[in-house]
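What follows is a short report on a single structure.
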Amino acid sequence: MIGLNKLGGRTWVVTAAALIILLVINAVLQPNFLEPSVVQSNLTTFLPLVLVAIGQTYVILGGDIDLSVGAIVALVNVVTVTVIAGLGGDGTAVVIGLVAGMGVGAACGLVNGLIIAGLRFQPIVTTFATSIVFSGLALWVLPQAGMPVPEPYWRTYAGSILGVPTVYVIYIVAFLIAAFLAARPFATRLKAVGGLRTAAFQTGLDLGRLRVSAFMLSGLFGAFASLCLTGETASGDPLMGQTLAMSAISAVVLGGTALAGGVGGTLGSVLGAWVIGMIGSVIFFAGLPFEYQTLVQGLIILAALAGGVLVTRR
Amino acid sequence: MQPALRASDISKSFGAVHALDRARLTVERGEIHALLGANGCGKSTLCKIIAGTVGLDAGEVLIDGQLAALGSPNLAEEQGVALFYQELSLVPQLSLGENIFLGREPRDRLGFTDRAAIQRQTEALIDRVAAVAGKGFRPDARVSDLSPDQRQLAEILKVLARKPKIIIFDEATATLDRRQVEVFFDILRELKAEGVSSIFISHRMDEVFAIADRITVMRNGATVAEFAAAETDRYAVVYAMVGETGAIAASVRDHKPLEGDTRLVVKDARAARLGPVSFTAQRGEILGLGGLHGQGQKALLAGLFGAEPFQGGSVSLDGVDVTARRPADAMARRIAYVSGDRGRDSALPGRSILENTAIASLVRERRHVVPGAVFRERFTEVLAGLNTRYAGLDAPIGSLSGGNQQKVFISRWLSPAPGLLLLDDPTKGIDLGAKGDFYLLARKLADEGATVIIYSSEDSELLSLCDRVLVLNGGAITADLVGDRLTPFELTRASYGDAA
């Protein structure tokens, strides 16, 4: 274990190793796994989880948690499709719909942040409650699944921008945002807030602002994910993304970000999200009966989490 | 010229408690000003008000003659006030450099954190204390990996990095060893030469007289005396602190030769950074552990109690092997342990005084149901015997001052009386009156037949309380001082590893 101790806080190395193992298994199970089109299709499937996990990382780094992000995904979806449909479904309508969706995501994050950082409510209870509110709002906006999005929307999502597949463009943009934030003092200050709140306060950091920013980022990335899911499903669904919040939290923890806050980063969360996606893929292609898939997936995630904890514990 | 700081008529209440009642403090430019008083006298609150972490109810603070607006730590800092925190303000998960520049990160032209600058500037700061900082004190070291004294040095560097005009050092030397304190004092003198004023809070009178220019004494929330350090003496200062009613037990040591039988035998005890050490202690003896900070004293006590079991060696009490593997073993043998780090080792925070008192009995008597009435009666009696002031057994432990909390934690072990009482810097941060009570209690327990082993970071405490002092240096016993040899000179000499 001496070598492993040197990993220090970098649990994501372990996650990367797990990812490589899963890649090999998948490559064996699926002969065409490494073909560009299959790679792209897999990465497309994983994209929403990756985005939500990146957003969730900020909240968890700050010592909070956001259980409402799945509901935010649904609310953003129904608002976006409703706005697009209401404005006639042309190009302008799509752009306005996207902006409205992002706005809704950020607003949901703002509400979470203000209640938690401003009124000092418990994040776990608050975001559980707001998730019910957001779900309720989504059902109110669009009581039934349906309402297709116009063709240019999903065609662009499935197509490419300047020769690069749109999905990859989104990945690159998301990584750039994450890298930008990681290089700003914001990242360190957020870790300080999550690491030892009293110390961060005594140092003069604006705790409320940092925590609200983290929740808004989570909401924004949730909206981002929702717009991608909408590109995939091409319709509105008030029940979309229900499992995303928990999967994203698992991804964040798998990626080495401590649930207690203060330690970690988005890179690990991206790897964690991929690992969770690949686990699903392995189970599917291993031909496991459907009824066992969720159970096995849960056990594998538990094992992966335990592995990470055991490796980093001295 | 205006003084650097003039705080006048500062009042502050927390609920019904008047923490400050028209307190005042004047600090000249380039002055090292000691602020003294028993715990609960309001000096920490006054400092927090000046540093902007606590609001004031009435009064005004002038900085360089200007009325200062002190709504937040940031505002205070903008006006040149920096507070060194007794409760550390470092984030354990971040690196030393990140901590020092937290909230004031150097940035490059694009607004990104300039990590190279953090590295460079942190190295420059570390150079000031490099000689005493010890191993691993690097800009990229995680604070959680640093030892307590290194964290305290880091805290000092963090304050220095802000280049303030007025620095408040609240117990800045508490975990430093003597060499580190000297380096810290050199830094204070350099700051003084640069015109920076320091407000220095310390429980160590030696340090106060070694470094302070002037002394302000507070009592019960008010400022009661101001001295020039060169024109006063310890007696006058202590007298001002305790007032006319407070009597201090200067020495409860009686020089009677020890007649008790050998009771505790420790053979070749080993732990990380300790030993092997061997020694014996007698019935009725108060045995002190002296020496510089961090020389294995705490490891020895924790090992005897089984909190951090020894890696080798044996311990026997009254001829019975009591080598403890876990605290429950030690408790079953009537070994008691009281730590000075109350928050970490003793308190059940948020729980009542009764629960905090009864917890050891619950374990020792293997109770599964709490006999409320029995315990209530038992511990009311015990606490009364300790001269403890408390609102009621059901009040939360946090409602007590540090000194009274410590009495509660000691009272845990008094029913029945312990055979071996281990005290790990037990009077850290408690006021002089409570210390006096505490010394008398330790002596009483010893007279009743207990063996007491005490580690103290204050030499004067060991000298006044102990029958015998073992001095540790680098995890080994370098001297066994008793009788005429138990003097400050011998103690200091042995502390530095210079055995007579």
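Every chain in the structure tokens takes a letter, A first, then B, and so on in the order presented; its residues are numbered from 1, and the ligands are numbered from 1 following the presented order.
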If you run DSSP on the backbone here, which positions in stretch 69-265 of chain B get strand (DSSP E)? Please write them as a PyMOL selection string. chain B and resi 81-84+166-170+197-201+214-219+222-228+262-265
Counting only C-alpha atoms, what is within 8 Å of B:Ile10, bar same-chain residues fewer than 5 positions away, as a ChimeraX atom specification? /B:20-24,46,56-60
Now that the selection is made, can you save its residues with N, CA and C atoms as a PDB file, in the first residue's frame?
ATOM      1  N   LEU B  20     -18.567  42.384  27.511  1.00  0.00           N
ATOM      2  CA  LEU B  20     -17.743  43.584  27.637  1.00  0.00           C
ATOM      3  C   LEU B  20     -18.598  44.700  28.205  1.00  0.00           C
ATOM      4  N   ASP B  21     -18.014  45.433  29.113  1.00  0.00           N
ATOM      5  CA  ASP B  21     -18.743  46.534  29.725  1.00  0.00           C
ATOM      6  C   ASP B  21     -17.817  47.754  29.737  1.00  0.00           C
ATOM      7  N   ARG B  22     -17.968  48.598  28.753  1.00  0.00           N
ATOM      8  CA  ARG B  22     -17.153  49.811  28.620  1.00  0.00           C
ATOM      9  C   ARG B  22     -15.660  49.506  28.702  1.00  0.00           C
ATOM     10  N   ALA B  23     -15.245  48.528  27.921  1.00  0.00           N
ATOM     11  CA  ALA B  23     -13.822  48.182  27.890  1.00  0.00           C
ATOM     12  C   ALA B  23     -13.070  49.189  27.041  1.00  0.00           C
ATOM     13  N   ARG B  24     -11.794  49.376  27.332  1.00  0.00           N
ATOM     14  CA  ARG B  24     -10.996  50.278  26.494  1.00  0.00           C
ATOM     15  C   ARG B  24      -9.613  49.670  26.265  1.00  0.00           C
ATOM     16  N   LEU B  46     -13.126  41.337  22.852  1.00  0.00           N
ATOM     17  CA  LEU B  46     -12.640  42.660  22.451  1.00  0.00           C
ATOM     18  C   LEU B  46     -11.815  42.553  21.172  1.00  0.00           C
ATOM     19  N   LEU B  56     -20.242  45.132  17.737  1.00  0.00           N
ATOM     20  CA  LEU B  56     -20.265  45.708  19.083  1.00  0.00           C
ATOM     21  C   LEU B  56     -21.624  46.368  19.329  1.00  0.00           C
ATOM     22  N   ASP B  57     -22.002  46.424  20.595  1.00  0.00           N
ATOM     23  CA  ASP B  57     -23.284  47.042  20.949  1.00  0.00           C
ATOM     24  C   ASP B  57     -23.118  48.544  21.131  1.00  0.00           C
ATOM     25  N   ALA B  58     -21.999  48.935  21.733  1.00  0.00           N
ATOM     26  CA  ALA B  58     -21.775  50.361  21.984  1.00  0.00           C
ATOM     27  C   ALA B  58     -20.275  50.604  22.019  1.00  0.00           C
ATOM     28  N   GLY B  59     -19.900  51.871  21.820  1.00  0.00           N
ATOM     29  CA  GLY B  59     -18.502  52.229  21.869  1.00  0.00           C
ATOM     30  C   GLY B  59     -17.956  52.516  20.489  1.00  0.00           C
ATOM     31  N   GLU B  60     -16.675  52.919  20.435  1.00  0.00           N
ATOM     32  CA  GLU B  60     -16.092  53.226  19.132  1.00  0.00           C
ATOM     33  C   GLU B  60     -14.639  52.788  19.071  1.00  0.00           C
TER      34      GLU B  60
END
Pick out the chain B residues within 6 Å of chain A. Count only C-alpha atoms. Give them as a ChimeraX atom specification. /B:73-74,89-91,93,103,112-113
Just-selected residues, C-alpha atoms written as an mmCIF file, in the first residue's frame:
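Contents of selection.cif, as written:
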data_model
loop_
_atom_site.group_PDB
_atom_site.id
_atom_site.type_symbol
_atom_site.label_atom_id
_atom_site.label_comp_id
_atom_site.auth_asym_id
_atom_site.auth_seq_id
_atom_site.Cartn_x
_atom_site.Cartn_y
_atom_site.Cartn_z
ATOM 1 C CA PRO B 73 -13.229 40.558 8.816
ATOM 2 C CA ASN B 74 -12.747 41.995 5.341
ATOM 3 C CA SER B 89 -8.295 29.538 10.631
ATOM 4 C CA LEU B 90 -6.518 27.140 8.309
ATOM 5 C CA VAL B 91 -8.391 24.822 5.950
ATOM 6 C CA GLN B 93 -7.626 20.188 2.955
ATOM 7 C CA GLY B 103 -9.094 35.123 -0.397
ATOM 8 C CA PHE B 112 -6.307 33.154 -13.051
ATOM 9 C CA THR B 113 -4.664 32.108 -9.788
#
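Among the candidates A:Leu305, A:Ile72, A:Leu299, A:Ile25, the one nearest to A:Phe215 when counting only C-alpha atoms is A:Ile72.
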Contact residues around A:Thr233 with only C-alpha atoms at 12 Å, ignoring same-chain residues under 3 positions, as a PDB file with N, CA and C atoms, in the first residue's frame:
ATOM      1  N   THR A  44     -22.242  10.069 -26.295  1.00  0.00           N
ATOM      2  CA  THR A  44     -23.503  10.803 -26.317  1.00  0.00           C
ATOM      3  C   THR A  44     -24.403  10.355 -25.167  1.00  0.00           C
ATOM      4  N   THR A  45     -24.447   9.045 -24.960  1.00  0.00           N
ATOM      5  CA  THR A  45     -25.266   8.519 -23.865  1.00  0.00           C
ATOM      6  C   THR A  45     -24.782   9.035 -22.519  1.00  0.00           C
ATOM      7  N   ASN A  77     -36.289  20.891 -19.359  1.00  0.00           N
ATOM      8  CA  ASN A  77     -36.778  20.233 -20.574  1.00  0.00           C
ATOM      9  C   ASN A  77     -38.167  20.726 -20.962  1.00  0.00           C
ATOM     10  N   VAL A  81     -39.084  22.994 -24.322  1.00  0.00           N
ATOM     11  CA  VAL A  81     -39.942  22.525 -25.428  1.00  0.00           C
ATOM     12  C   VAL A  81     -41.211  23.371 -25.505  1.00  0.00           C
ATOM     13  N   ALA A 145     -46.005  13.650 -21.189  1.00  0.00           N
ATOM     14  CA  ALA A 145     -44.871  13.602 -22.094  1.00  0.00           C
ATOM     15  C   ALA A 145     -45.368  13.801 -23.518  1.00  0.00           C
ATOM     16  N   GLY A 146     -44.507  14.372 -24.342  1.00  0.00           N
ATOM     17  CA  GLY A 146     -44.883  14.620 -25.726  1.00  0.00           C
ATOM     18  C   GLY A 146     -44.331  15.946 -26.166  1.00  0.00           C
ATOM     19  N   MET A 147     -45.060  16.635 -27.027  1.00  0.00           N
ATOM     20  CA  MET A 147     -44.639  17.924 -27.561  1.00  0.00           C
ATOM     21  C   MET A 147     -43.241  17.838 -28.168  1.00  0.00           C
ATOM     22  N   PRO A 148     -43.153  17.416 -29.397  1.00  0.00           N
ATOM     23  CA  PRO A 148     -41.847  17.227 -30.036  1.00  0.00           C
ATOM     24  C   PRO A 148     -41.115  18.550 -30.236  1.00  0.00           C
ATOM     25  N   VAL A 149     -39.785  18.476 -30.248  1.00  0.00           N
ATOM     26  CA  VAL A 149     -38.990  19.663 -30.583  1.00  0.00           C
ATOM     27  C   VAL A 149     -38.775  19.658 -32.100  1.00  0.00           C
ATOM     28  N   PRO A 150     -38.597  20.843 -32.681  1.00  0.00           N
ATOM     29  CA  PRO A 150     -38.440  20.887 -34.136  1.00  0.00           C
ATOM     30  C   PRO A 150     -37.179  20.162 -34.607  1.00  0.00           C
ATOM     31  N   GLU A 151     -37.235  19.733 -35.826  1.00  0.00           N
ATOM     32  CA  GLU A 151     -36.161  18.913 -36.386  1.00  0.00           C
ATOM     33  C   GLU A 151     -34.773  19.547 -36.297  1.00  0.00           C
ATOM     34  N   TYR A 153     -33.367  21.225 -34.149  1.00  0.00           N
ATOM     35  CA  TYR A 153     -32.812  21.049 -32.806  1.00  0.00           C
ATOM     36  C   TYR A 153     -32.087  19.704 -32.713  1.00  0.00           C
ATOM     37  N   TRP A 154     -32.849  18.611 -32.896  1.00  0.00           N
ATOM     38  CA  TRP A 154     -32.202  17.307 -32.681  1.00  0.00           C
ATOM     39  C   TRP A 154     -31.252  16.944 -33.792  1.00  0.00           C
ATOM     40  N   ARG A 155     -31.501  17.506 -34.994  1.00  0.00           N
ATOM     41  CA  ARG A 155     -30.577  17.236 -36.091  1.00  0.00           C
ATOM     42  C   ARG A 155     -29.203  17.849 -35.793  1.00  0.00           C
ATOM     43  N   TYR A 157     -28.037  18.493 -32.854  1.00  0.00           N
ATOM     44  CA  TYR A 157     -27.441  17.762 -31.732  1.00  0.00           C
ATOM     45  C   TYR A 157     -26.777  16.479 -32.211  1.00  0.00           C
ATOM     46  N   ALA A 158     -27.462  15.784 -33.120  1.00  0.00           N
ATOM     47  CA  ALA A 158     -26.903  14.532 -33.619  1.00  0.00           C
ATOM     48  C   ALA A 158     -25.845  14.777 -34.687  1.00  0.00           C
ATOM     49  N   SER A 226     -29.929  18.841 -19.543  1.00  0.00           N
ATOM     50  CA  SER A 226     -31.318  18.692 -19.977  1.00  0.00           C
ATOM     51  C   SER A 226     -31.459  18.994 -21.463  1.00  0.00           C
ATOM     52  N   LEU A 227     -30.786  20.043 -21.920  1.00  0.00           N
ATOM     53  CA  LEU A 227     -30.871  20.408 -23.331  1.00  0.00           C
ATOM     54  C   LEU A 227     -30.275  19.305 -24.204  1.00  0.00           C
ATOM     55  N   CYS A 228     -29.218  18.639 -23.701  1.00  0.00           N
ATOM     56  CA  CYS A 228     -28.645  17.518 -24.438  1.00  0.00           C
ATOM     57  C   CYS A 228     -29.625  16.348 -24.492  1.00  0.00           C
ATOM     58  N   LEU A 229     -30.228  16.038 -23.335  1.00  0.00           N
ATOM     59  CA  LEU A 229     -31.210  14.944 -23.298  1.00  0.00           C
ATOM     60  C   LEU A 229     -32.361  15.244 -24.241  1.00  0.00           C
ATOM     61  N   THR A 230     -32.759  16.518 -24.262  1.00  0.00           N
ATOM     62  CA  THR A 230     -33.837  16.915 -25.149  1.00  0.00           C
ATOM     63  C   THR A 230     -33.433  16.680 -26.611  1.00  0.00           C
ATOM     64  N   GLY A 236     -40.678  16.600 -25.084  1.00  0.00           N
ATOM     65  CA  GLY A 236     -40.769  17.005 -23.697  1.00  0.00           C
ATOM     66  C   GLY A 236     -41.166  15.837 -22.813  1.00  0.00           C
ATOM     67  N   ASP A 237     -40.634  15.804 -21.587  1.00  0.00           N
ATOM     68  CA  ASP A 237     -40.969  14.718 -20.662  1.00  0.00           C
ATOM     69  C   ASP A 237     -40.823  15.245 -19.240  1.00  0.00           C
ATOM     70  N   MET A 240     -38.370  13.374 -16.894  1.00  0.00           N
ATOM     71  CA  MET A 240     -37.010  13.113 -17.384  1.00  0.00           C
ATOM     72  C   MET A 240     -35.971  13.240 -16.258  1.00  0.00           C
ATOM     73  N   GLY A 241     -34.908  12.437 -16.376  1.00  0.00           N
ATOM     74  CA  GLY A 241     -33.723  12.656 -15.541  1.00  0.00           C
ATOM     75  C   GLY A 241     -33.869  12.350 -14.064  1.00  0.00           C
TER      76      GLY A 241
END
I'd like the contact shell of B:Pro418 - 8 Å cut-off, only C-alpha atoms, skipping same-chain residues fewer than 5 positions apart - returned as a list in words. Arg334, Ile335, Ala336, Trp413 and Ala450 of chain B
Neighbours of B:Phe84 within 7 Å (only C-alpha atoms; same-chain residues fewer than 5 positions away dropped), as a ChimeraX atom specification? /B:155-156,159,168-170,172
Based on the selection just made, write C-alpha atoms of those residues as an mmCIF file, in the first residue's frame.
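Now in part-v5.cif:
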data_model
loop_
_atom_site.group_PDB
_atom_site.id
_atom_site.type_symbol
_atom_site.label_atom_id
_atom_site.label_comp_id
_atom_site.auth_asym_id
_atom_site.auth_seq_id
_atom_site.Cartn_x
_atom_site.Cartn_y
_atom_site.Cartn_z
ATOM 1 C CA GLU B 155 -1.205 30.804 10.967
ATOM 2 C CA ILE B 156 1.415 33.375 11.876
ATOM 3 C CA VAL B 159 -1.268 36.956 9.190
ATOM 4 C CA ILE B 168 -3.793 40.680 17.222
ATOM 5 C CA PHE B 169 -2.030 37.540 18.385
ATOM 6 C CA ASP B 170 -4.512 35.587 20.470
ATOM 7 C CA ALA B 172 -0.216 32.645 19.172
#
